[in-house]
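Pasted below: coords_9.txt, compact mmCIF, C-alpha atoms and all ligand atoms.
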# COMPACT_ATOMS: atom_id res chain seq x y z
CA MET A 8 -2.71 38.45 13.52
CA ALA A 9 0.43 37.82 11.45
CA LYS A 10 -0.16 37.56 7.74
CA ARG A 11 0.47 33.92 6.90
CA ILE A 12 1.03 32.31 3.52
CA ILE A 13 0.95 28.60 2.62
CA LEU A 14 3.66 27.07 0.44
CA LEU A 15 3.10 23.49 -0.74
CA THR A 16 6.22 21.66 -1.89
CA ASN A 17 6.34 18.51 -3.98
CA LEU A 18 8.99 16.56 -5.89
CA GLY A 19 8.54 18.01 -9.39
CA SER A 20 8.47 16.52 -12.89
CA PRO A 21 10.24 17.18 -16.19
CA ASP A 22 9.01 20.31 -18.01
CA SER A 23 7.88 18.14 -20.93
CA THR A 24 8.17 14.55 -22.14
CA SER A 25 11.04 15.36 -24.52
CA VAL A 26 14.17 13.31 -23.86
CA LYS A 27 16.07 16.59 -23.42
CA ASP A 28 13.79 17.81 -20.60
CA VAL A 29 13.67 14.39 -18.96
CA ARG A 30 17.48 14.24 -19.09
CA ARG A 31 17.75 17.67 -17.47
CA TYR A 32 15.28 16.65 -14.76
CA LEU A 33 17.00 13.32 -14.04
CA ASN A 34 20.41 15.03 -13.87
CA GLU A 35 19.11 17.57 -11.33
CA PHE A 36 17.26 14.91 -9.33
CA LEU A 37 19.98 12.29 -9.23
CA MET A 38 22.84 14.76 -8.67
CA ASP A 39 21.14 15.61 -5.37
CA GLU A 40 23.55 14.25 -2.72
CA ARG A 41 20.60 13.21 -0.56
CA VAL A 42 19.32 10.98 -3.38
CA ILE A 43 22.54 9.47 -4.73
CA ASP A 44 24.77 9.85 -1.71
CA VAL A 45 28.21 9.21 -3.16
CA PRO A 46 31.04 11.78 -3.38
CA TYR A 47 30.58 14.43 -6.07
CA LEU A 48 32.91 13.08 -8.79
CA GLY A 49 31.65 9.52 -8.46
CA ARG A 50 28.08 10.80 -8.54
CA LEU A 51 28.78 12.91 -11.62
CA LEU A 52 30.25 9.93 -13.46
CA LEU A 53 27.47 7.61 -12.39
CA VAL A 54 24.60 9.97 -13.14
CA ARG A 55 25.81 11.74 -16.28
CA GLY A 56 27.82 8.83 -17.68
CA ILE A 57 25.62 5.84 -16.90
CA ILE A 58 22.19 6.34 -15.34
CA THR A 59 20.79 9.36 -17.19
CA PRO A 60 21.89 8.44 -20.75
CA PHE A 61 20.18 5.06 -20.44
CA ARG A 62 17.23 6.13 -18.32
CA ALA A 63 16.19 9.38 -20.02
CA PRO A 64 14.73 7.87 -23.24
CA LYS A 65 12.98 5.09 -21.31
CA SER A 66 11.55 7.47 -18.71
CA ALA A 67 10.49 9.95 -21.42
CA ALA A 68 8.49 7.17 -23.11
CA LYS A 69 6.82 6.33 -19.77
CA TYR A 70 6.03 9.98 -19.02
CA LYS A 71 4.34 10.20 -22.46
CA THR A 72 1.86 7.53 -21.37
CA ILE A 73 0.68 9.50 -18.30
CA TRP A 74 1.04 13.12 -19.51
CA THR A 75 -2.14 15.20 -19.53
CA GLY A 76 -3.19 18.12 -21.75
CA GLU A 77 -2.08 20.44 -18.95
CA GLY A 78 1.22 18.69 -18.22
CA SER A 79 2.58 16.26 -15.66
CA PRO A 80 -0.11 14.73 -13.39
CA LEU A 81 2.00 15.48 -10.29
CA ILE A 82 2.26 19.18 -11.17
CA VAL A 83 -1.36 19.55 -12.27
CA ILE A 84 -2.64 17.80 -9.12
CA THR A 85 -0.41 19.90 -6.85
CA HIS A 86 -1.84 23.09 -8.36
CA GLN A 87 -5.41 21.73 -8.01
CA LEU A 88 -4.70 20.97 -4.35
CA ALA A 89 -3.28 24.48 -3.83
CA GLU A 90 -6.39 26.04 -5.29
CA LYS A 91 -8.69 24.12 -2.94
CA VAL A 92 -6.44 24.69 0.09
CA ARG A 93 -6.45 28.43 -0.67
CA GLU A 94 -10.25 28.41 -0.70
CA VAL A 95 -10.74 26.35 2.45
CA ALA A 96 -7.93 27.93 4.50
CA GLN A 97 -8.73 31.42 3.25
CA MET A 98 -4.97 31.96 3.01
CA PRO A 99 -2.81 32.79 -0.02
CA THR A 100 -1.36 29.48 -1.22
CA TYR A 101 1.64 28.85 -3.49
CA VAL A 102 3.41 25.82 -4.94
CA CYS A 103 7.07 24.96 -5.43
CA MET A 104 8.96 21.84 -6.48
CA ARG A 105 12.25 20.31 -5.32
CA TYR A 106 13.34 19.68 -8.92
CA ALA A 107 12.47 21.57 -12.13
CA HIS A 108 9.58 24.05 -11.98
CA PRO A 109 8.17 26.07 -10.25
CA THR A 110 11.29 26.60 -8.13
CA PRO A 111 11.23 27.81 -4.49
CA LEU A 112 13.00 30.98 -5.66
CA SER A 113 10.18 31.80 -8.10
CA ALA A 114 7.58 31.08 -5.38
CA PHE A 115 9.32 33.38 -2.86
CA LYS A 116 9.62 36.15 -5.47
CA LYS A 117 5.89 35.85 -6.20
CA ILE A 118 5.02 35.91 -2.49
CA VAL A 119 7.10 39.06 -1.91
CA ALA A 120 5.58 40.79 -4.96
CA GLU A 121 1.97 39.82 -4.19
CA HIS A 122 2.11 39.96 -0.36
CA PRO A 123 4.77 42.44 0.76
CA ASP A 124 3.16 42.34 4.23
CA ALA A 125 3.61 38.56 4.62
CA GLU A 126 5.02 37.69 8.06
CA GLU A 127 5.13 33.90 7.95
CA VAL A 128 5.29 31.28 5.20
CA VAL A 129 4.16 27.81 6.30
CA LEU A 130 5.91 25.15 4.23
CA PHE A 131 3.83 22.01 3.81
CA PRO A 132 5.87 19.16 2.26
CA LEU A 133 3.71 16.80 0.23
CA TYR A 134 5.52 13.85 1.81
CA PRO A 135 3.95 12.21 4.87
CA HIS A 136 7.16 10.33 5.75
CA TYR A 137 10.72 11.42 6.51
CA ALA A 138 13.35 10.21 4.04
CA MET A 139 16.59 12.01 3.28
CA SER A 140 15.73 11.65 -0.43
CA SER A 141 12.24 13.17 -0.12
CA TYR A 142 11.09 15.23 2.91
CA GLU A 143 14.59 16.17 4.05
CA THR A 144 15.96 17.33 0.69
CA ALA A 145 12.78 19.29 -0.09
CA VAL A 146 12.80 21.08 3.26
CA GLU A 147 16.55 21.76 3.31
CA TYR A 148 16.44 23.14 -0.21
CA VAL A 149 13.58 25.54 0.53
CA LYS A 150 15.31 26.62 3.77
CA GLU A 151 18.55 27.31 1.87
CA VAL A 152 16.78 29.44 -0.74
CA TRP A 153 14.87 31.31 1.99
CA GLN A 154 18.06 31.99 4.01
CA LYS A 155 19.96 33.25 0.92
CA GLY A 156 17.09 35.56 -0.05
CA ARG A 157 16.84 37.27 3.38
CA TYR A 158 13.08 37.53 2.92
CA PRO A 159 11.02 39.67 5.28
CA PHE A 160 8.99 36.69 6.56
CA GLU A 161 9.61 33.70 8.83
CA LEU A 162 9.59 30.15 7.45
CA LYS A 163 7.67 27.56 9.45
CA ILE A 164 7.90 23.92 8.46
CA VAL A 165 5.22 21.26 8.98
CA GLU A 166 6.72 18.04 10.41
CA PRO A 167 6.17 14.61 8.77
CA TYR A 168 2.54 13.66 9.38
CA TYR A 169 2.68 9.90 8.83
CA ASP A 170 0.77 9.26 12.07
CA GLN A 171 -1.38 12.38 12.27
CA PRO A 172 -5.07 11.53 12.68
CA ASP A 173 -6.16 13.83 9.85
CA TYR A 174 -3.82 12.21 7.32
CA ILE A 175 -4.70 8.70 8.52
CA GLU A 176 -8.42 9.43 8.38
CA ALA A 177 -8.24 10.92 4.88
CA LEU A 178 -6.18 7.95 3.67
CA ALA A 179 -8.47 5.37 5.28
CA ALA A 180 -11.53 7.14 3.88
CA SER A 181 -10.02 6.98 0.38
CA ILE A 182 -9.52 3.20 0.71
CA GLN A 183 -12.81 2.35 2.47
CA PRO A 184 -15.11 2.36 -0.61
CA PHE A 185 -12.81 -0.13 -2.35
CA ILE A 186 -12.90 -2.48 0.63
CA GLU A 187 -16.69 -2.30 0.77
CA GLU A 188 -17.14 -2.71 -2.96
CA LYS A 189 -15.28 -5.97 -3.60
CA LYS A 190 -13.88 -8.93 -1.78
CA TYR A 191 -10.12 -8.64 -1.86
CA ASP A 192 -7.85 -11.43 -0.64
CA HIS A 193 -5.22 -8.92 0.32
CA VAL A 194 -4.34 -5.21 0.55
CA LEU A 195 -0.79 -4.27 -0.42
CA PHE A 196 0.65 -1.00 0.91
CA SER A 197 3.38 -0.20 -1.62
CA TYR A 198 5.74 2.61 -0.56
CA HIS A 199 8.56 4.21 -2.53
CA GLY A 200 11.75 2.38 -1.56
CA VAL A 201 15.06 3.79 -0.37
CA PRO A 202 18.51 2.19 -0.02
CA GLU A 203 19.05 0.60 3.42
CA ARG A 204 22.14 2.82 3.70
CA HIS A 205 19.85 5.87 3.90
CA ILE A 206 18.09 4.33 6.90
CA PHE A 207 21.42 3.68 8.67
CA LYS A 208 22.56 7.23 7.89
CA ARG A 209 19.53 8.76 9.58
CA ASP A 210 19.85 6.66 12.73
CA PRO A 211 21.78 9.10 14.96
CA THR A 212 22.62 6.30 17.44
CA GLY A 213 23.93 3.94 14.78
CA GLN A 214 22.50 1.20 17.04
CA HIS A 215 18.81 0.92 16.31
CA CYS A 216 17.64 0.94 12.70
CA LEU A 217 17.67 -2.40 10.87
CA LYS A 218 19.57 -4.03 13.75
CA THR A 219 16.71 -6.36 14.68
CA ALA A 220 13.72 -7.65 12.76
CA ASP A 221 11.31 -5.69 14.97
CA CYS A 222 13.35 -2.45 15.36
CA CYS A 223 10.55 -0.37 13.85
CA GLN A 224 8.10 -1.61 16.49
CA VAL A 225 10.45 -0.86 19.43
CA LYS A 226 9.81 2.67 20.70
CA SER A 227 12.79 4.95 19.96
CA PRO A 228 13.52 8.66 19.39
CA VAL A 229 15.37 7.69 16.17
CA HIS A 230 11.97 7.08 14.59
CA ALA A 231 11.69 10.83 14.04
CA THR A 232 13.92 10.24 10.98
CA CYS A 233 13.28 6.54 10.24
CA TYR A 234 11.40 6.12 6.97
CA ARG A 235 10.78 2.42 7.60
CA HIS A 236 9.25 3.02 11.02
CA GLN A 237 7.07 5.80 9.67
CA VAL A 238 5.63 3.79 6.77
CA MET A 239 4.98 0.86 9.13
CA GLU A 240 3.10 3.21 11.46
CA THR A 241 0.98 4.65 8.65
CA THR A 242 0.13 1.10 7.59
CA ARG A 243 -0.72 -0.05 11.14
CA LEU A 244 -2.94 2.96 11.82
CA VAL A 245 -4.80 2.77 8.49
CA ALA A 246 -5.23 -1.01 8.76
CA ASP A 247 -6.66 -0.55 12.28
CA LYS A 248 -9.07 2.08 11.06
CA LEU A 249 -10.23 -0.16 8.21
CA GLY A 250 -10.48 -3.20 10.47
CA LEU A 251 -8.06 -5.23 8.34
CA THR A 252 -6.98 -8.49 9.93
CA ARG A 253 -3.28 -9.20 10.52
CA HIS A 254 -2.65 -11.39 7.47
CA SER A 255 -4.91 -9.56 5.06
CA PHE A 256 -2.43 -6.77 4.37
CA SER A 257 1.32 -6.28 3.93
CA VAL A 258 3.96 -3.69 3.05
CA SER A 259 6.37 -3.58 0.11
CA PHE A 260 8.76 -1.07 -1.46
CA GLN A 261 8.79 0.00 -5.11
CA SER A 262 10.88 1.96 -7.65
CA ARG A 263 14.28 0.50 -6.80
CA LEU A 264 17.20 2.02 -8.71
CA GLY A 265 20.72 0.58 -8.94
CA THR A 266 22.34 -2.43 -7.32
CA ASP A 267 22.50 -1.33 -3.65
CA LYS A 268 20.43 -3.13 -1.03
CA TRP A 269 17.06 -1.36 -0.78
CA LEU A 270 14.28 -1.87 1.72
CA SER A 271 12.46 -5.13 1.09
CA PRO A 272 10.33 -6.85 0.04
CA ALA A 273 10.22 -5.30 -3.44
CA THR A 274 6.72 -4.59 -4.74
CA SER A 275 7.50 -6.24 -8.10
CA ASP A 276 8.61 -9.48 -6.34
CA GLU A 277 5.50 -9.52 -4.19
CA LEU A 278 3.20 -8.98 -7.18
CA ALA A 279 4.87 -11.84 -9.05
CA GLN A 280 4.54 -14.20 -6.06
CA PHE A 281 1.09 -13.35 -4.69
CA PRO A 282 -0.98 -15.61 -7.02
CA ALA A 283 1.12 -18.68 -6.13
CA ARG A 284 0.49 -17.85 -2.45
CA GLY A 285 -3.25 -17.82 -3.04
CA VAL A 286 -3.74 -14.05 -3.44
CA LYS A 287 -5.77 -13.67 -6.63
CA ASN A 288 -7.75 -10.50 -5.86
CA LEU A 289 -5.47 -7.66 -4.83
CA LEU A 290 -5.97 -4.05 -3.79
CA VAL A 291 -2.89 -1.81 -3.97
CA VAL A 292 -2.48 1.46 -2.05
CA SER A 293 0.54 3.81 -2.35
CA PRO A 294 0.52 6.04 0.76
CA ALA A 295 4.00 7.56 0.30
CA PHE A 296 2.62 9.47 -2.66
CA VAL A 297 -0.06 12.00 -1.92
CA SER A 298 -0.28 13.01 -5.60
CA ASP A 299 -0.60 10.54 -8.46
CA CYS A 300 2.60 10.49 -10.50
CA LEU A 301 4.74 8.32 -12.74
CA GLU A 302 5.40 5.89 -9.88
CA THR A 303 1.69 5.25 -9.24
CA LEU A 304 0.08 5.75 -12.65
CA GLU A 305 2.66 3.82 -14.64
CA GLU A 306 4.73 1.63 -12.31
CA ILE A 307 1.90 0.49 -10.03
CA HIS A 308 -1.17 0.86 -12.22
CA VAL A 309 0.24 -0.44 -15.51
CA GLU A 310 3.46 -2.41 -14.90
CA GLY A 311 2.25 -3.76 -11.57
CA ARG A 312 -0.97 -5.05 -13.10
CA GLU A 313 0.96 -6.80 -15.90
CA THR A 314 3.24 -8.52 -13.39
CA PHE A 315 0.35 -9.66 -11.17
CA MET A 316 -1.94 -10.83 -13.98
CA GLU A 317 0.86 -12.66 -15.83
CA ALA A 318 1.62 -14.50 -12.59
CA GLY A 319 -1.99 -15.74 -12.45
CA GLY A 320 -3.85 -12.96 -10.60
CA THR A 321 -7.57 -12.43 -11.26
CA LEU A 322 -8.41 -8.94 -10.00
CA TYR A 323 -5.96 -6.05 -9.58
CA THR A 324 -7.22 -2.71 -8.29
CA THR A 325 -5.28 0.43 -7.38
CA VAL A 326 -6.50 3.16 -5.04
CA PRO A 327 -5.90 6.71 -6.37
CA CYS A 328 -3.68 8.97 -4.28
CA LEU A 329 -5.29 11.61 -2.07
CA ASN A 330 -4.66 14.18 -4.81
CA SER A 331 -7.10 17.05 -4.19
CA ASN A 332 -9.93 15.09 -2.59
CA ASP A 333 -12.00 17.02 -0.04
CA ASP A 334 -10.96 15.00 3.04
CA TRP A 335 -7.33 15.56 2.14
CA VAL A 336 -7.82 19.29 1.58
CA GLU A 337 -9.45 19.56 5.03
CA ALA A 338 -6.61 17.53 6.57
CA VAL A 339 -3.92 19.71 4.98
CA VAL A 340 -5.61 22.88 6.20
CA LYS A 341 -5.99 21.50 9.74
CA MET A 342 -2.35 20.42 9.88
CA ILE A 343 -1.22 23.83 8.62
CA LYS A 344 -3.39 25.74 11.04
CA GLY A 345 -2.26 23.45 13.86
CA ASP A 346 -5.83 22.36 14.62
CA SER A 347 -5.07 18.64 14.65
C1 LIG A 401 7.62 9.42 -1.97
C2 LIG A 401 8.84 9.73 -1.73
C3 LIG A 401 10.00 9.46 -2.58
C4 LIG A 401 11.21 8.93 -2.18
C5 LIG A 401 11.61 8.52 -0.79
C6 LIG A 401 12.02 8.81 -3.34
C7 LIG A 401 13.31 8.30 -3.36
C8 LIG A 401 14.06 8.06 -4.50
N1 LIG A 401 13.70 8.23 -5.83
C9 LIG A 401 14.71 7.87 -6.66
C10 LIG A 401 14.71 7.90 -8.06
C11 LIG A 401 13.64 8.32 -8.88
N2 LIG A 401 12.37 8.63 -8.46
C12 LIG A 401 11.64 9.08 -9.52
C13 LIG A 401 10.34 9.52 -9.52
C14 LIG A 401 9.60 9.83 -8.38
N3 LIG A 401 9.99 9.66 -7.07
C15 LIG A 401 9.02 10.14 -6.22
C16 LIG A 401 9.05 10.16 -4.82
C17 LIG A 401 10.07 9.67 -4.02
N4 LIG A 401 11.33 9.28 -4.43
C18 LIG A 401 7.96 10.64 -7.07
C19 LIG A 401 6.71 11.29 -6.55
C20 LIG A 401 8.32 10.44 -8.38
C21 LIG A 401 7.47 10.75 -9.61
C22 LIG A 401 7.79 12.07 -10.28
C23 LIG A 401 6.85 12.40 -11.41
O1 LIG A 401 7.21 13.29 -12.23
O2 LIG A 401 5.77 11.86 -11.57
C24 LIG A 401 12.47 9.06 -10.71
C25 LIG A 401 12.10 9.64 -12.08
C26 LIG A 401 11.29 8.78 -12.92
C27 LIG A 401 12.03 7.59 -13.40
O3 LIG A 401 12.95 7.73 -14.21
O4 LIG A 401 11.74 6.50 -12.87
C28 LIG A 401 13.71 8.58 -10.31
C29 LIG A 401 14.93 8.39 -11.17
C30 LIG A 401 15.79 7.46 -5.85
C31 LIG A 401 17.13 7.00 -6.38
C32 LIG A 401 15.40 7.57 -4.50
C33 LIG A 401 16.13 7.27 -3.26
C34 LIG A 401 17.37 7.17 -3.12
FE FE A 402 11.68 8.53 -6.48
FE FE A 403 14.17 2.14 12.15
Would you put the structure from the file into structure tokens?
Amino acid sequence: MAKRIILLTNLGSPDSTSVKDVRRYLNEFLMDERVIDVPYLGRLLLVRGIITPFRAPKSAAKYKTIWTGEGSPLIVITHQLAEKVREVAQMPTYVCMRYAHPTPLSAFKKIVAEHPDAEEVVLFPLYPHYAMSSYETAVEYVKEVWQKGRYPFELKIVEPYYDQPDYIEALAASIQPFIEEKKYDHVLFSYHGVPERHIFKRDPTGQHCLKTADCCQVKSPVHATCYRHQVMETTRLVADKLGLTRHSFSVSFQSRLGTDKWLSPATSDELAQFPARGVKNLLVVSPAFVSDCLETLEEIHVEGRETFMEAGGTLYTTVPCLNSNDDWVEAVVKMIKGDS
């Protein structure tokens, strides 16, 4: 049997909460042409001249509020997940990040040094859904580093698993106790947003995505790369599993940046309007994130609560991400081993 290694890849965080490190991280992140998809010089001006100088101090202050003794929650949680996956899969397991550290290059070097007999590395992106700014950039970057290094092992990539039973079951199981515990008026599935342009760009026909109100429900091969379709499917499958009725849940998109048209509705708008629509007790789930991070711990948990309560909400509860919970560990291992 070929010697197989697991490589988990996640987004990455700044090395510390200093403005300098946050600036370096934001520059690397936002200069990615799959994130800010404008020609190089325009992107350079926009990112280095406008976005990063203003955003770095503000983001650094936010990171300070979530930072742990061991570092960024996203990084710490990814390493905790790797440790459990290693144990359950009984396979050597490594971690790399798309931005900042640890880099794919450092992970490959470690794999070669510690397992010179490795024949296959299975890359598991910690993104259930395909977006050019998340799954695609992470996978392409790791592939590029692997190709340049001419490593003595194959690279196998796990496809987006937004509709895979193991992911859906783990997600539903993480939400179930909250549903049982309290009477919520509504469950909000808040996903990271992307510009609509990114959806058009990944529709190879140019004829399907965002052309009709129900495009994401009309069967099409373009859904292999349609983020909106994939998040809608995750929501439908989890809602079915939890027995949620049609009007007791909805989808929104968070973390908008810039003035382009992003997927809607925006989470912040929904939170501000829910109480006036009669939703006073709200449960929020963030399935695009499998590890808790700035976008869940600060934007959803803290800012989101403020928005909802100031608008007249009574009860605001957030479901933790899958992180390194046992159902999720089992699901990851099954998807890697191809048992699902
Ligand atoms: C879940 C998938 C993600 C998609 C899709 C995504 C798209 C996307 N993000 C930005 C800009 C920023 N995102 C930031 C943080 C951040 N984003 C994701 C995931 C996705 N982003 C995560 C998990 C995190 C948290 C990282 C952490 O360290 O905890 C940030 C940095 C923080 C901040 O300043 O707000 C930026 C900037 C864009 C522009 C984009 C799509 C085009
Ligand atoms: Fe993001
Ligand atoms: Fe679509």
Residues of chain A that have any atom at most 9 Å from an atom of ligand FE 402 (chain A): could you tabulate them with the shortest-distance atom pair and the distance in Å to one decimal, using all atoms listed in the file, ordered by chain and increasing number, as a Markdown table?
| residue | atom | partner | partner_atom | distance |
| --- | --- | --- | --- | --- |
| A:Leu18 | CA | A:FE402 | FE | 8.5 |
| A:Phe36 | CA | A:FE402 | FE | 8.9 |
| A:Val42 | CA | A:FE402 | FE | 8.6 |
| A:Ser140 | CA | A:FE402 | FE | 7.9 |
| A:Ser141 | CA | A:FE402 | FE | 7.9 |
| A:His199 | CA | A:FE402 | FE | 6.6 |
| A:Gly200 | CA | A:FE402 | FE | 7.9 |
| A:Val201 | CA | A:FE402 | FE | 8.4 |
| A:Ser262 | CA | A:FE402 | FE | 6.7 |
| A:Arg263 | CA | A:FE402 | FE | 8.4 |
| A:Leu264 | CA | A:FE402 | FE | 8.8 |
| A:Glu302 | CA | A:FE402 | FE | 7.6 |
Point (7.9, 22.8, -6.3), cut-off 9 Å, counting all atoms listed in the file, residues as a VMD selection string: chain A and resid 15 to 19 82 85 102 to 111 114 145
What are the closest atom pairs, with distances in Å to one decimal, for each residue of chain A lying within 10 Å of ligand FE 403 (chain A), using all atoms listed in the file, rows by chain and rising residue number, as CSV?
residue,atom,partner,partner_atom,distance
A:Ile206,CA,A:FE403,FE,6.9
A:Phe207,CA,A:FE403,FE,8.2
A:Arg209,CA,A:FE403,FE,8.9
A:Asp210,CA,A:FE403,FE,7.3
A:Gln214,CA,A:FE403,FE,9.7
A:His215,CA,A:FE403,FE,6.4
A:Cys216,CA,A:FE403,FE,3.7
A:Leu217,CA,A:FE403,FE,5.9
A:Lys218,CA,A:FE403,FE,8.4
A:Thr219,CA,A:FE403,FE,9.2
A:Ala220,CA,A:FE403,FE,9.8
A:Asp221,CA,A:FE403,FE,8.8
A:Cys222,CA,A:FE403,FE,5.7
A:Cys223,CA,A:FE403,FE,4.7
A:Gln224,CA,A:FE403,FE,8.4
A:Val225,CA,A:FE403,FE,8.7
A:Lys226,CA,A:FE403,FE,9.6
A:Ser227,CA,A:FE403,FE,8.4
A:Pro228,CA,A:FE403,FE,9.8
A:Val229,CA,A:FE403,FE,7.0
A:His230,CA,A:FE403,FE,5.9
A:Ala231,CA,A:FE403,FE,9.2
A:Thr232,CA,A:FE403,FE,8.2
A:Cys233,CA,A:FE403,FE,4.9
A:Tyr234,CA,A:FE403,FE,7.1
A:Arg235,CA,A:FE403,FE,5.7
A:His236,CA,A:FE403,FE,5.1
A:Gln237,CA,A:FE403,FE,8.4
A:Met239,CA,A:FE403,FE,9.8
Report the closest atom pair, with its distance in Å rounded to one decimal, for each residue of segment 145-260 of chain A that has an atom no farther than 7 Å from segment 268-278 of chain A; count only C-alpha atoms, sort by chain and then rising residue number, and write it as a Markdown table.
| residue | atom | partner | partner_atom | distance |
| --- | --- | --- | --- | --- |
| A:Ser197 | CA | A:Thr274 | CA | 6.3 |
| A:Gly200 | CA | A:Leu270 | CA | 5.9 |
| A:Val201 | CA | A:Trp269 | CA | 5.5 |
| A:Pro202 | CA | A:Trp269 | CA | 3.9 |
| A:Glu203 | CA | A:Trp269 | CA | 5.0 |
| A:Ser259 | CA | A:Thr274 | CA | 5.0 |
| A:Phe260 | CA | A:Ala273 | CA | 4.9 |
Within 10 Å of (-5.9, -10.2, -9.8) (file coordinates; all atoms listed in the file), which protein or nucleic acid residues are there? I'd like them as a list in words.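 Those residues, ordered by chain and then number, are Tyr191, Asp192, Leu278, Phe281, Pro282, Val286, Lys287, Asn288, Leu289, Leu290, Arg312, Glu313, Thr314, Phe315, Met316, Glu317, Ala318, Gly319, Gly320, Thr321, Leu322, Tyr323 and Thr324 of chain A.
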Identify, on the basis of all atoms listed in the file, every residue whose closest approach to Ile12 of chain A does not exceed 12 Å; exclude the query and any residue fewer than 3 positions from it along the same chain; express the result as an MDAnalysis selection string. chainID A and resid 9 15 89 92:93 96:102 114:115 117:119 121:131 160:164 340 343:344
Test item: residues at most 7 Å from Ala179 of chain A, all atoms listed in the file, excluding those fewer than 3 positions along its chain, as number ranges by chain: A: 175-176, 182-183, 245, 248-249
Given the selection you just returned, output its residues as a file containing C-alpha atoms, formatted as a compact mmCIF listing (two decimals), keeping the file's coordinate frame.
# COMPACT_ATOMS: atom_id res chain seq x y z
CA ILE A 175 -4.70 8.70 8.52
CA GLU A 176 -8.42 9.43 8.38
CA ILE A 182 -9.52 3.20 0.71
CA GLN A 183 -12.81 2.35 2.47
CA VAL A 245 -4.80 2.77 8.49
CA LYS A 248 -9.07 2.08 11.06
CA LEU A 249 -10.23 -0.16 8.21
If you measure from atom CA of Asp299 of chain A to atom CA of Pro80 of chain A, what distance in Å do you get, rounded to one decimal?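 Here the two named atoms are 6.5 Å from each other.
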One decimal, in Å: what's the spacing between atom CA of Ala279 of chain A and atom CA of Ile307 of chain A?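 Spanning atom CA of Ala279 of chain A to atom CA of Ile307 of chain A is a straight-line distance of 12.7 Å.
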Just how far from atom CA of Val297 of chain A is atom CA of Ile43 of chain A, in Å to one decimal?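 Interatomic distance, atom CA of Ile43 of chain A to atom CA of Val297 of chain A: 22.9 Å.
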Ligand LIG 401 (chain A), all listed atoms, 5 Å padding on each side: what axis-aligned box centre and edge lengths in Å to one decimal come out, as lines of an AutoDock Vina configuration file?
center_x = 11.6
center_y = 9.9
center_z = -7.5
size_x = 21.6
size_y = 16.8
size_z = 23.4
Nearest to His193 of chain A by atom-to-atom distance, counting all atoms listed in the file, from A:Tyr148, A:Phe256, A:Tyr168, A:Tyr174: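 The shortest atom-to-atom distance to His193 of chain A comes from A:Phe256.
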Could you check the closest approach to ligand LIG 401 (chain A) for each of A:Ala63, A:Leu112, A:Leu195, A:Val165 and tell me which residue wins, using all atoms listed in the file? A:Ala63
Taking into account all atoms listed in the file, which residue in the set A:Pro159, A:Gly49, A:Pro64, A:Gly76 is nearest to ligand LIG 401 (chain A)?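 Answer, going by the shortest atom-to-atom distance: A:Pro64.
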My list of candidates is A:Tyr70, A:Trp335, A:Tyr47, A:Tyr158. Which is closest to ligand LIG 401 (chain A) when distances are computed with only C-alpha atoms and all ligand atoms?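 For ligand LIG 401 (chain A), the nearest of the given residues is A:Tyr70.
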Nearest candidate to ligand LIG 401 (chain A) (options A:Leu53, A:Leu14, A:Val29, A:Leu244; using all atoms listed in the file):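 Of the candidates, the smallest distance to ligand LIG 401 (chain A) is held by A:Val29.
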For Ile58 of chain A, work out the shell of residues within 12 Å, counting all atoms listed in the file and skipping chain neighbours fewer than 6 positions away, then give it as an mmCIF file with C-alpha atoms, in the frame of the given file.
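Here's the written file result.cif:
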data_model
loop_
_atom_site.group_PDB
_atom_site.id
_atom_site.type_symbol
_atom_site.label_atom_id
_atom_site.label_comp_id
_atom_site.auth_asym_id
_atom_site.auth_seq_id
_atom_site.Cartn_x
_atom_site.Cartn_y
_atom_site.Cartn_z
ATOM 1 C CA ARG A 30 17.480 14.240 -19.090
ATOM 2 C CA LEU A 33 17.000 13.320 -14.040
ATOM 3 C CA ASN A 34 20.410 15.030 -13.870
ATOM 4 C CA PHE A 36 17.260 14.910 -9.330
ATOM 5 C CA LEU A 37 19.980 12.290 -9.230
ATOM 6 C CA MET A 38 22.840 14.760 -8.670
ATOM 7 C CA ILE A 43 22.540 9.470 -4.730
ATOM 8 C CA ARG A 50 28.080 10.800 -8.540
ATOM 9 C CA LEU A 51 28.780 12.910 -11.620
ATOM 10 C CA LEU A 52 30.250 9.930 -13.460
ATOM 11 C CA PRO A 64 14.730 7.870 -23.240
ATOM 12 C CA LYS A 65 12.980 5.090 -21.310
ATOM 13 C CA SER A 66 11.550 7.470 -18.710
ATOM 14 C CA LEU A 264 17.200 2.020 -8.710
ATOM 15 C CA GLY A 265 20.720 0.580 -8.940
ATOM 16 C CA THR A 266 22.340 -2.430 -7.320
#
Can you put N, CA and C atoms back into segment 83-87 of chain A and show it as a compact mmCIF listing (two decimals), keeping the file's coordinate frame?
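Output (rebuild22.txt):
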# COMPACT_ATOMS: atom_id res chain seq x y z
N VAL A 83 0.04 19.11 -12.12
CA VAL A 83 -1.36 19.55 -12.27
C VAL A 83 -2.11 19.33 -10.96
N ILE A 84 -1.93 18.15 -10.37
CA ILE A 84 -2.64 17.80 -9.12
C ILE A 84 -2.19 18.72 -7.98
N THR A 85 -0.89 19.02 -7.93
CA THR A 85 -0.41 19.90 -6.85
C THR A 85 -1.05 21.28 -6.95
N HIS A 86 -1.19 21.78 -8.18
CA HIS A 86 -1.84 23.09 -8.36
C HIS A 86 -3.34 23.01 -8.01
N GLN A 87 -3.97 21.89 -8.36
CA GLN A 87 -5.41 21.73 -8.01
C GLN A 87 -5.57 21.72 -6.49
